[in-house]
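Participant: Structure file coords-v2.cif (mmCIF, N, CA and C atoms) right here:
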```cif
data_model
#
loop_
_atom_site.label_atom_id
_atom_site.label_comp_id
_atom_site.auth_asym_id
_atom_site.auth_seq_id
_atom_site.Cartn_x
_atom_site.Cartn_y
_atom_site.Cartn_z
N MET A 62 22.48 9.82 -34.32
CA MET A 62 23.92 9.95 -34.22
C MET A 62 24.55 8.86 -35.11
N PRO A 63 25.40 9.26 -36.06
CA PRO A 63 26.00 8.27 -36.94
C PRO A 63 27.01 7.40 -36.20
N ASN A 64 27.16 6.21 -36.68
CA ASN A 64 28.15 5.28 -36.14
C ASN A 64 29.50 5.64 -36.73
N ARG A 65 30.56 5.59 -35.92
CA ARG A 65 31.89 5.95 -36.42
C ARG A 65 32.32 5.04 -37.55
N LEU A 66 31.83 3.81 -37.59
CA LEU A 66 32.23 2.88 -38.65
C LEU A 66 31.62 3.24 -40.00
N ASP A 67 30.65 4.15 -40.00
CA ASP A 67 30.11 4.63 -41.27
C ASP A 67 31.16 5.39 -42.06
N TYR A 68 32.23 5.80 -41.40
CA TYR A 68 33.27 6.60 -42.05
C TYR A 68 34.39 5.74 -42.64
N ILE A 69 34.29 4.42 -42.50
CA ILE A 69 35.28 3.54 -43.10
C ILE A 69 34.84 3.23 -44.52
N GLU A 70 35.68 3.55 -45.47
CA GLU A 70 35.36 3.22 -46.86
C GLU A 70 35.77 1.78 -47.10
N ARG A 71 34.84 1.00 -47.59
CA ARG A 71 35.13 -0.38 -47.91
C ARG A 71 35.18 -0.52 -49.42
N ARG A 72 36.29 -1.03 -49.92
CA ARG A 72 36.45 -1.20 -51.37
C ARG A 72 36.97 -2.60 -51.65
N ILE A 73 36.65 -3.07 -52.82
CA ILE A 73 37.24 -4.31 -53.30
C ILE A 73 38.32 -3.90 -54.29
N GLY A 74 39.56 -4.28 -54.01
CA GLY A 74 40.67 -3.91 -54.87
C GLY A 74 40.77 -4.81 -56.09
N ASP A 75 41.79 -4.55 -56.90
CA ASP A 75 42.02 -5.34 -58.11
C ASP A 75 42.23 -6.81 -57.80
N ASN A 76 42.76 -7.09 -56.62
CA ASN A 76 43.05 -8.48 -56.24
C ASN A 76 41.88 -9.12 -55.47
N ASN A 77 40.70 -8.49 -55.54
CA ASN A 77 39.49 -8.97 -54.86
C ASN A 77 39.59 -8.98 -53.34
N LYS A 78 40.52 -8.19 -52.80
CA LYS A 78 40.62 -8.06 -51.35
C LYS A 78 39.96 -6.77 -50.93
N ARG A 79 39.30 -6.82 -49.79
CA ARG A 79 38.68 -5.60 -49.25
C ARG A 79 39.74 -4.72 -48.62
N THR A 80 39.60 -3.43 -48.82
CA THR A 80 40.49 -2.48 -48.16
C THR A 80 39.63 -1.50 -47.37
N PHE A 81 40.18 -1.00 -46.31
CA PHE A 81 39.46 -0.09 -45.43
C PHE A 81 40.27 1.17 -45.23
N LYS A 82 39.58 2.27 -45.11
CA LYS A 82 40.21 3.55 -44.84
C LYS A 82 40.58 3.63 -43.36
N TYR A 83 41.74 4.16 -43.08
CA TYR A 83 42.19 4.35 -41.70
C TYR A 83 41.41 5.50 -41.09
N LEU A 84 40.84 5.29 -39.91
CA LEU A 84 40.09 6.35 -39.23
C LEU A 84 41.04 7.23 -38.42
N LYS A 85 40.77 8.51 -38.41
CA LYS A 85 41.53 9.46 -37.60
C LYS A 85 40.66 9.88 -36.42
N TYR A 86 41.29 9.98 -35.28
CA TYR A 86 40.57 10.35 -34.06
C TYR A 86 41.05 11.70 -33.57
N PRO A 87 40.13 12.55 -33.11
CA PRO A 87 40.53 13.89 -32.65
C PRO A 87 41.25 13.84 -31.30
N LYS A 88 42.07 14.84 -31.08
CA LYS A 88 42.64 15.00 -29.74
C LYS A 88 41.51 15.51 -28.85
N ILE A 89 41.45 14.99 -27.65
CA ILE A 89 40.40 15.41 -26.72
C ILE A 89 41.09 16.14 -25.57
N PRO A 90 41.05 17.47 -25.61
CA PRO A 90 41.74 18.25 -24.57
C PRO A 90 41.12 18.04 -23.19
N LEU A 91 41.94 18.27 -22.20
CA LEU A 91 41.47 18.17 -20.82
C LEU A 91 40.43 19.25 -20.53
N SER A 92 39.52 18.95 -19.64
CA SER A 92 38.53 19.91 -19.17
C SER A 92 38.41 19.77 -17.67
N VAL A 93 38.16 20.85 -16.99
CA VAL A 93 37.98 20.78 -15.54
C VAL A 93 36.76 19.96 -15.17
N ASN A 94 35.84 19.76 -16.13
CA ASN A 94 34.63 18.99 -15.86
C ASN A 94 34.73 17.52 -16.26
N ASP A 95 35.91 17.09 -16.72
CA ASP A 95 36.09 15.67 -17.03
C ASP A 95 35.93 14.86 -15.75
N ILE A 96 35.55 13.63 -15.92
CA ILE A 96 35.33 12.72 -14.80
C ILE A 96 36.51 11.75 -14.75
N TYR A 97 37.00 11.48 -13.57
CA TYR A 97 38.08 10.51 -13.40
C TYR A 97 37.55 9.33 -12.60
N ALA A 98 37.90 8.14 -13.05
CA ALA A 98 37.42 6.93 -12.39
C ALA A 98 38.55 5.91 -12.34
N THR A 99 38.48 5.05 -11.36
CA THR A 99 39.41 3.92 -11.25
C THR A 99 38.65 2.66 -11.62
N THR A 100 39.21 1.91 -12.55
CA THR A 100 38.51 0.73 -13.06
C THR A 100 38.49 -0.40 -12.03
N LEU A 101 37.44 -1.20 -12.13
CA LEU A 101 37.24 -2.35 -11.26
C LEU A 101 37.27 -3.63 -12.10
N VAL A 102 37.32 -4.76 -11.45
CA VAL A 102 37.27 -6.04 -12.15
C VAL A 102 35.97 -6.11 -12.96
N GLY A 103 36.09 -6.46 -14.23
CA GLY A 103 34.91 -6.60 -15.08
C GLY A 103 34.53 -5.35 -15.84
N ASP A 104 35.22 -4.24 -15.59
CA ASP A 104 34.91 -3.01 -16.34
C ASP A 104 35.30 -3.18 -17.80
N ARG A 105 34.44 -2.64 -18.68
CA ARG A 105 34.67 -2.65 -20.11
C ARG A 105 34.35 -1.27 -20.66
N LEU A 106 35.03 -0.90 -21.73
CA LEU A 106 34.83 0.42 -22.31
C LEU A 106 33.39 0.65 -22.74
N ASP A 107 32.77 -0.34 -23.34
CA ASP A 107 31.39 -0.15 -23.80
C ASP A 107 30.43 0.04 -22.63
N LEU A 108 30.66 -0.66 -21.54
CA LEU A 108 29.79 -0.52 -20.38
C LEU A 108 29.98 0.83 -19.69
N ILE A 109 31.22 1.30 -19.66
CA ILE A 109 31.48 2.63 -19.08
C ILE A 109 30.85 3.71 -19.95
N ALA A 110 30.97 3.56 -21.28
CA ALA A 110 30.34 4.53 -22.19
C ALA A 110 28.83 4.53 -22.00
N ASP A 111 28.25 3.39 -21.81
CA ASP A 111 26.81 3.32 -21.58
C ASP A 111 26.44 4.01 -20.26
N GLN A 112 27.25 3.80 -19.24
CA GLN A 112 26.98 4.39 -17.93
C GLN A 112 27.03 5.92 -17.98
N PHE A 113 28.03 6.49 -18.67
CA PHE A 113 28.21 7.94 -18.67
C PHE A 113 27.54 8.65 -19.84
N TYR A 114 27.45 7.97 -20.99
CA TYR A 114 26.93 8.61 -22.20
C TYR A 114 25.62 8.00 -22.70
N ARG A 115 25.18 6.92 -22.06
CA ARG A 115 23.97 6.22 -22.50
C ARG A 115 24.07 5.73 -23.94
N ASN A 116 25.31 5.37 -24.36
CA ASN A 116 25.52 4.88 -25.71
C ASN A 116 26.79 4.03 -25.73
N VAL A 117 26.64 2.73 -25.92
CA VAL A 117 27.79 1.82 -25.91
C VAL A 117 28.75 2.09 -27.07
N ASP A 118 28.25 2.67 -28.17
CA ASP A 118 29.09 2.92 -29.34
C ASP A 118 30.10 4.04 -29.13
N LEU A 119 29.99 4.78 -28.05
CA LEU A 119 30.91 5.88 -27.80
C LEU A 119 32.12 5.47 -26.95
N TRP A 120 32.38 4.17 -26.85
CA TRP A 120 33.53 3.68 -26.10
C TRP A 120 34.83 4.27 -26.63
N TRP A 121 34.88 4.53 -27.94
CA TRP A 121 36.11 5.03 -28.56
C TRP A 121 36.51 6.40 -28.02
N ILE A 122 35.55 7.18 -27.53
CA ILE A 122 35.88 8.49 -26.97
C ILE A 122 36.70 8.32 -25.70
N ILE A 123 36.31 7.38 -24.87
CA ILE A 123 37.06 7.12 -23.63
C ILE A 123 38.44 6.56 -23.97
N ALA A 124 38.51 5.67 -24.94
CA ALA A 124 39.81 5.11 -25.35
C ALA A 124 40.71 6.21 -25.90
N THR A 125 40.16 7.09 -26.71
CA THR A 125 40.93 8.18 -27.31
C THR A 125 41.42 9.17 -26.25
N ALA A 126 40.64 9.39 -25.23
CA ALA A 126 41.01 10.32 -24.16
C ALA A 126 42.10 9.76 -23.25
N ASN A 127 42.38 8.47 -23.36
CA ASN A 127 43.34 7.80 -22.47
C ASN A 127 44.37 7.00 -23.26
N PRO A 128 45.09 7.63 -24.19
CA PRO A 128 45.98 6.86 -25.07
C PRO A 128 47.12 6.15 -24.36
N ASP A 129 47.57 6.67 -23.23
CA ASP A 129 48.68 6.05 -22.52
C ASP A 129 48.22 5.03 -21.48
N VAL A 130 46.90 4.88 -21.34
CA VAL A 130 46.35 4.00 -20.31
C VAL A 130 45.59 2.82 -20.90
N ILE A 131 44.84 3.09 -21.97
CA ILE A 131 43.95 2.08 -22.54
C ILE A 131 44.47 1.63 -23.90
N ARG A 132 44.54 0.31 -24.08
CA ARG A 132 44.87 -0.23 -25.39
C ARG A 132 43.64 -0.13 -26.28
N ARG A 133 43.83 0.34 -27.49
CA ARG A 133 42.74 0.56 -28.41
C ARG A 133 42.08 -0.71 -28.91
N ASP A 134 42.75 -1.82 -28.77
CA ASP A 134 42.22 -3.06 -29.33
C ASP A 134 41.52 -3.93 -28.28
N SER A 135 41.15 -3.36 -27.15
CA SER A 135 40.53 -4.16 -26.11
C SER A 135 39.39 -3.40 -25.43
N PHE A 136 38.26 -4.05 -25.30
CA PHE A 136 37.15 -3.49 -24.54
C PHE A 136 37.38 -3.66 -23.04
N ASN A 137 38.03 -4.78 -22.69
CA ASN A 137 38.23 -5.11 -21.28
C ASN A 137 39.33 -4.25 -20.69
N LEU A 138 39.10 -3.80 -19.46
CA LEU A 138 40.08 -2.96 -18.78
C LEU A 138 40.63 -3.67 -17.56
N MET A 139 41.92 -3.50 -17.35
CA MET A 139 42.52 -4.07 -16.14
C MET A 139 42.03 -3.28 -14.94
N PRO A 140 41.79 -3.94 -13.82
CA PRO A 140 41.38 -3.21 -12.62
C PRO A 140 42.51 -2.31 -12.12
N GLY A 141 42.13 -1.18 -11.55
CA GLY A 141 43.10 -0.28 -10.94
C GLY A 141 43.61 0.82 -11.86
N LEU A 142 43.12 0.90 -13.10
CA LEU A 142 43.54 1.97 -14.00
C LEU A 142 42.77 3.25 -13.67
N GLN A 143 43.46 4.37 -13.65
CA GLN A 143 42.75 5.64 -13.51
C GLN A 143 42.51 6.16 -14.92
N ILE A 144 41.24 6.34 -15.28
CA ILE A 144 40.90 6.79 -16.62
C ILE A 144 40.15 8.12 -16.56
N ARG A 145 40.29 8.86 -17.65
CA ARG A 145 39.58 10.13 -17.80
C ARG A 145 38.39 9.90 -18.71
N ILE A 146 37.24 10.35 -18.28
CA ILE A 146 36.01 10.23 -19.06
C ILE A 146 35.60 11.65 -19.42
N PRO A 147 35.73 12.02 -20.71
CA PRO A 147 35.35 13.37 -21.09
C PRO A 147 33.90 13.66 -20.70
N GLU A 148 33.68 14.87 -20.23
CA GLU A 148 32.34 15.23 -19.75
C GLU A 148 31.30 15.02 -20.85
N PRO A 149 30.14 14.50 -20.48
CA PRO A 149 29.09 14.21 -21.46
C PRO A 149 28.67 15.40 -22.33
N ASN A 150 28.71 16.62 -21.80
CA ASN A 150 28.31 17.79 -22.58
C ASN A 150 29.22 18.05 -23.78
N ARG A 151 30.44 17.50 -23.76
CA ARG A 151 31.40 17.72 -24.85
C ARG A 151 31.27 16.71 -25.98
N ILE A 152 30.44 15.69 -25.81
CA ILE A 152 30.34 14.62 -26.80
C ILE A 152 29.97 15.13 -28.19
N PRO A 153 28.98 16.01 -28.34
CA PRO A 153 28.66 16.49 -29.70
C PRO A 153 29.86 17.15 -30.39
N ASP A 154 30.65 17.93 -29.65
CA ASP A 154 31.83 18.57 -30.24
C ASP A 154 32.88 17.54 -30.64
N ILE A 155 33.08 16.53 -29.81
CA ILE A 155 34.05 15.48 -30.11
C ILE A 155 33.63 14.73 -31.36
N ILE A 156 32.35 14.42 -31.47
CA ILE A 156 31.85 13.71 -32.65
C ILE A 156 32.00 14.58 -33.90
N ARG A 157 31.71 15.87 -33.79
CA ARG A 157 31.89 16.77 -34.94
C ARG A 157 33.35 16.81 -35.38
N SER A 158 34.26 16.83 -34.42
CA SER A 158 35.70 16.81 -34.75
C SER A 158 36.07 15.52 -35.46
N PHE A 159 35.54 14.41 -34.99
CA PHE A 159 35.79 13.11 -35.63
C PHE A 159 35.28 13.13 -37.08
N GLU A 160 34.06 13.63 -37.27
CA GLU A 160 33.47 13.67 -38.61
C GLU A 160 34.29 14.56 -39.54
N GLN A 161 34.78 15.71 -39.04
CA GLN A 161 35.60 16.60 -39.87
C GLN A 161 36.90 15.93 -40.30
N LEU A 162 37.51 15.21 -39.37
CA LEU A 162 38.77 14.52 -39.70
C LEU A 162 38.59 13.41 -40.72
N ASN A 163 37.42 12.84 -40.77
CA ASN A 163 37.19 11.65 -41.62
C ASN A 163 36.26 11.90 -42.80
N LYS A 164 36.16 13.14 -43.24
CA LYS A 164 35.33 13.46 -44.40
C LYS A 164 35.79 12.71 -45.62
#
```
Spell out the structure here as structure tokens.
Facilitator:
Amino acid sequence: MPNRLDYIERRIGDNNKRTFKYLKYPKIPLSVNDIYATTLVGDRLDLIADQFYRNVDLWWIIATANPDVIRRDSFNLMPGLQIRIPEPNRIPDIIRSFEQLNK
């Protein structure tokens, strides 16, 4: 499974500064099989991704599925948040959508 960061183009510009391509994330529609959880003290996106998907690198899927709840720039979650965890069977489709958006 490719890492999402493989889709960031890194270039050195004329001014010798690195530039990066902005990544686009797919919309993740609701499913009746999505899992809902309430966060506890010490919960982190990478740990939750590991628990449900067996892959810490898929934390971005949970963040993308919860745009009004989770800040994209933080792994740490405040306790008491209700978050949606897209069902594990949908992960290949979500990754394919991500790859298509970032060709």
Participant: Show which residues sit within 6.5 Å of Pro87 in chain A, as a PyMOL selection string. Count all atoms listed in the file, and ignore same-chain residues fewer than 2 positions away.
Facilitator: chain A and resi 85+89+158-159
Participant: Find the residues around Ala124 in chain A up to 8 Å (only N, CA and C atoms counted), leave out those fewer than 4 positions away in its own chain, and share them as a VMD selection string.
Facilitator: chain A and resid 106 119 to 120 128 to 133 145 to 146
Participant: Once the PyMOL selection byres ((chain A and resi 138) around 7) is applied to the coordinates I shared, what remains selected? I want it as a VMD selection string.
Facilitator: chain A and resid 100 to 106 135 to 137 139 to 142
Participant: Print the selection's residues with N, CA and C atoms to a file, as a compact mmCIF listing (two decimals), keeping the file's coordinate frame.
Facilitator:
```txt
# COMPACT_ATOMS: atom_id res chain seq x y z
N THR A 100 39.21 1.91 -12.55
CA THR A 100 38.51 0.73 -13.06
C THR A 100 38.49 -0.40 -12.03
N LEU A 101 37.44 -1.20 -12.13
CA LEU A 101 37.24 -2.35 -11.26
C LEU A 101 37.27 -3.63 -12.10
N VAL A 102 37.32 -4.76 -11.45
CA VAL A 102 37.27 -6.04 -12.15
C VAL A 102 35.97 -6.11 -12.96
N GLY A 103 36.09 -6.46 -14.23
CA GLY A 103 34.91 -6.60 -15.08
C GLY A 103 34.53 -5.35 -15.84
N ASP A 104 35.22 -4.24 -15.59
CA ASP A 104 34.91 -3.01 -16.34
C ASP A 104 35.30 -3.18 -17.80
N ARG A 105 34.44 -2.64 -18.68
CA ARG A 105 34.67 -2.65 -20.11
C ARG A 105 34.35 -1.27 -20.66
N LEU A 106 35.03 -0.90 -21.73
CA LEU A 106 34.83 0.42 -22.31
C LEU A 106 33.39 0.65 -22.74
N SER A 135 41.15 -3.36 -27.15
CA SER A 135 40.53 -4.16 -26.11
C SER A 135 39.39 -3.40 -25.43
N PHE A 136 38.26 -4.05 -25.30
CA PHE A 136 37.15 -3.49 -24.54
C PHE A 136 37.38 -3.66 -23.04
N ASN A 137 38.03 -4.78 -22.69
CA ASN A 137 38.23 -5.11 -21.28
C ASN A 137 39.33 -4.25 -20.69
N MET A 139 41.92 -3.50 -17.35
CA MET A 139 42.52 -4.07 -16.14
C MET A 139 42.03 -3.28 -14.94
N PRO A 140 41.79 -3.94 -13.82
CA PRO A 140 41.38 -3.21 -12.62
C PRO A 140 42.51 -2.31 -12.12
N GLY A 141 42.13 -1.18 -11.55
CA GLY A 141 43.10 -0.28 -10.94
C GLY A 141 43.61 0.82 -11.86
N LEU A 142 43.12 0.90 -13.10
CA LEU A 142 43.54 1.97 -14.00
C LEU A 142 42.77 3.25 -13.67
```
Participant: Which residues fall under the PyMOL selection byres ((chain A and resi 148) around 8) in this file, as an MDAnalysis selection string?
Facilitator: chainID A and resid 92:96 113:114 145:147 149:153
Participant: Output as lines of an AutoDock Vina configuration file the centre and edge lengths (Å, one decimal) of the box along x, y and z of the file that holds every listed atom of range 118-124 of chain A after adding 5 Å on each side.
Facilitator:
```
center_x = 34.5
center_y = 5.6
center_z = -26.5
size_x = 22.5
size_y = 15.8
size_z = 15.7
```
Participant: As a ChimeraX atom specification, which residues of range 70-157 of chain A does DSSP assign to strand (DSSP E or B)?
Facilitator: /A:71-73,79-81,96-99,105,137,143-146
Participant: My list of candidates is A:Trp121, A:Asp107, A:Asp75, A:Tyr86. Which is closest to Asn163 in chain A when distances are computed with all atoms listed in the file?
Facilitator: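 Ranking A:Trp121, A:Asp107, A:Asp75, A:Tyr86 by distance to Asn163 in chain A, first place goes to A:Tyr86.
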Participant: In Å, how far is it from atom N of Arg157 in chain A to atom N of Arg115 in chain A?
Facilitator: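 Between atom N of Arg157 in chain A and atom N of Arg115 in chain A the gap is 16.1 Å.
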Participant: So which bits of chain A end up alpha helix (DSSP H) when you DSSP the backbone, as a short mmCIF file (atom, residue, chain, number, x, y, z; two decimals) with N, CA and C atoms, in the coordinates of the input?
Facilitator:
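Written out: selection_5.cif:
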```
data_model
loop_
_atom_site.label_atom_id
_atom_site.label_comp_id
_atom_site.auth_asym_id
_atom_site.auth_seq_id
_atom_site.Cartn_x
_atom_site.Cartn_y
_atom_site.Cartn_z
N LEU A 106 35.03 -0.90 -21.73
CA LEU A 106 34.83 0.42 -22.31
C LEU A 106 33.39 0.65 -22.74
N ASP A 107 32.77 -0.34 -23.34
CA ASP A 107 31.39 -0.15 -23.80
C ASP A 107 30.43 0.04 -22.63
N LEU A 108 30.66 -0.66 -21.54
CA LEU A 108 29.79 -0.52 -20.38
C LEU A 108 29.98 0.83 -19.69
N ILE A 109 31.22 1.30 -19.66
CA ILE A 109 31.48 2.63 -19.08
C ILE A 109 30.85 3.71 -19.95
N ALA A 110 30.97 3.56 -21.28
CA ALA A 110 30.34 4.53 -22.19
C ALA A 110 28.83 4.53 -22.00
N ASP A 111 28.25 3.39 -21.81
CA ASP A 111 26.81 3.32 -21.58
C ASP A 111 26.44 4.01 -20.26
N GLN A 112 27.25 3.80 -19.24
CA GLN A 112 26.98 4.39 -17.93
C GLN A 112 27.03 5.92 -17.98
N PHE A 113 28.03 6.49 -18.67
CA PHE A 113 28.21 7.94 -18.67
C PHE A 113 27.54 8.65 -19.84
N TYR A 114 27.45 7.97 -20.99
CA TYR A 114 26.93 8.61 -22.20
C TYR A 114 25.62 8.00 -22.70
N TRP A 120 32.38 4.17 -26.85
CA TRP A 120 33.53 3.68 -26.10
C TRP A 120 34.83 4.27 -26.63
N TRP A 121 34.88 4.53 -27.94
CA TRP A 121 36.11 5.03 -28.56
C TRP A 121 36.51 6.40 -28.02
N ILE A 122 35.55 7.18 -27.53
CA ILE A 122 35.88 8.49 -26.97
C ILE A 122 36.70 8.32 -25.70
N ILE A 123 36.31 7.38 -24.87
CA ILE A 123 37.06 7.12 -23.63
C ILE A 123 38.44 6.56 -23.97
N ALA A 124 38.51 5.67 -24.94
CA ALA A 124 39.81 5.11 -25.35
C ALA A 124 40.71 6.21 -25.90
N THR A 125 40.16 7.09 -26.71
CA THR A 125 40.93 8.18 -27.31
C THR A 125 41.42 9.17 -26.25
N ALA A 126 40.64 9.39 -25.23
CA ALA A 126 41.01 10.32 -24.16
C ALA A 126 42.10 9.76 -23.25
N ILE A 152 30.44 15.69 -25.81
CA ILE A 152 30.34 14.62 -26.80
C ILE A 152 29.97 15.13 -28.19
N PRO A 153 28.98 16.01 -28.34
CA PRO A 153 28.66 16.49 -29.70
C PRO A 153 29.86 17.15 -30.39
N ASP A 154 30.65 17.93 -29.65
CA ASP A 154 31.83 18.57 -30.24
C ASP A 154 32.88 17.54 -30.64
N ILE A 155 33.08 16.53 -29.81
CA ILE A 155 34.05 15.48 -30.11
C ILE A 155 33.63 14.73 -31.36
N ILE A 156 32.35 14.42 -31.47
CA ILE A 156 31.85 13.71 -32.65
C ILE A 156 32.00 14.58 -33.90
N ARG A 157 31.71 15.87 -33.79
CA ARG A 157 31.89 16.77 -34.94
C ARG A 157 33.35 16.81 -35.38
N SER A 158 34.26 16.83 -34.42
CA SER A 158 35.70 16.81 -34.75
C SER A 158 36.07 15.52 -35.46
N PHE A 159 35.54 14.41 -34.99
CA PHE A 159 35.79 13.11 -35.63
C PHE A 159 35.28 13.13 -37.08
N GLU A 160 34.06 13.63 -37.27
CA GLU A 160 33.47 13.67 -38.61
C GLU A 160 34.29 14.56 -39.54
N GLN A 161 34.78 15.71 -39.04
CA GLN A 161 35.60 16.60 -39.87
C GLN A 161 36.90 15.93 -40.30
N LEU A 162 37.51 15.21 -39.37
CA LEU A 162 38.77 14.52 -39.70
C LEU A 162 38.59 13.41 -40.72
#
```
Participant: For atom C of Leu91 in chain A and atom C of Thr125 in chain A, determine how far apart the two atoms are, in Å to one decimal place.
Facilitator: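 Pair atom C of Leu91 in chain A / atom C of Thr125 in chain A returns 11.6 Å.
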Participant: State, in Å with one decimal place, the distance from CA of Asp111 in chain A to CA of Ala98 in chain A.
Facilitator: 14.5 Å
Participant: For Leu162 in chain A, which of A:Leu84, A:Ile109, A:Val117, A:Ala126 is the closest residue, counting all atoms listed in the file?
Facilitator: A:Leu84
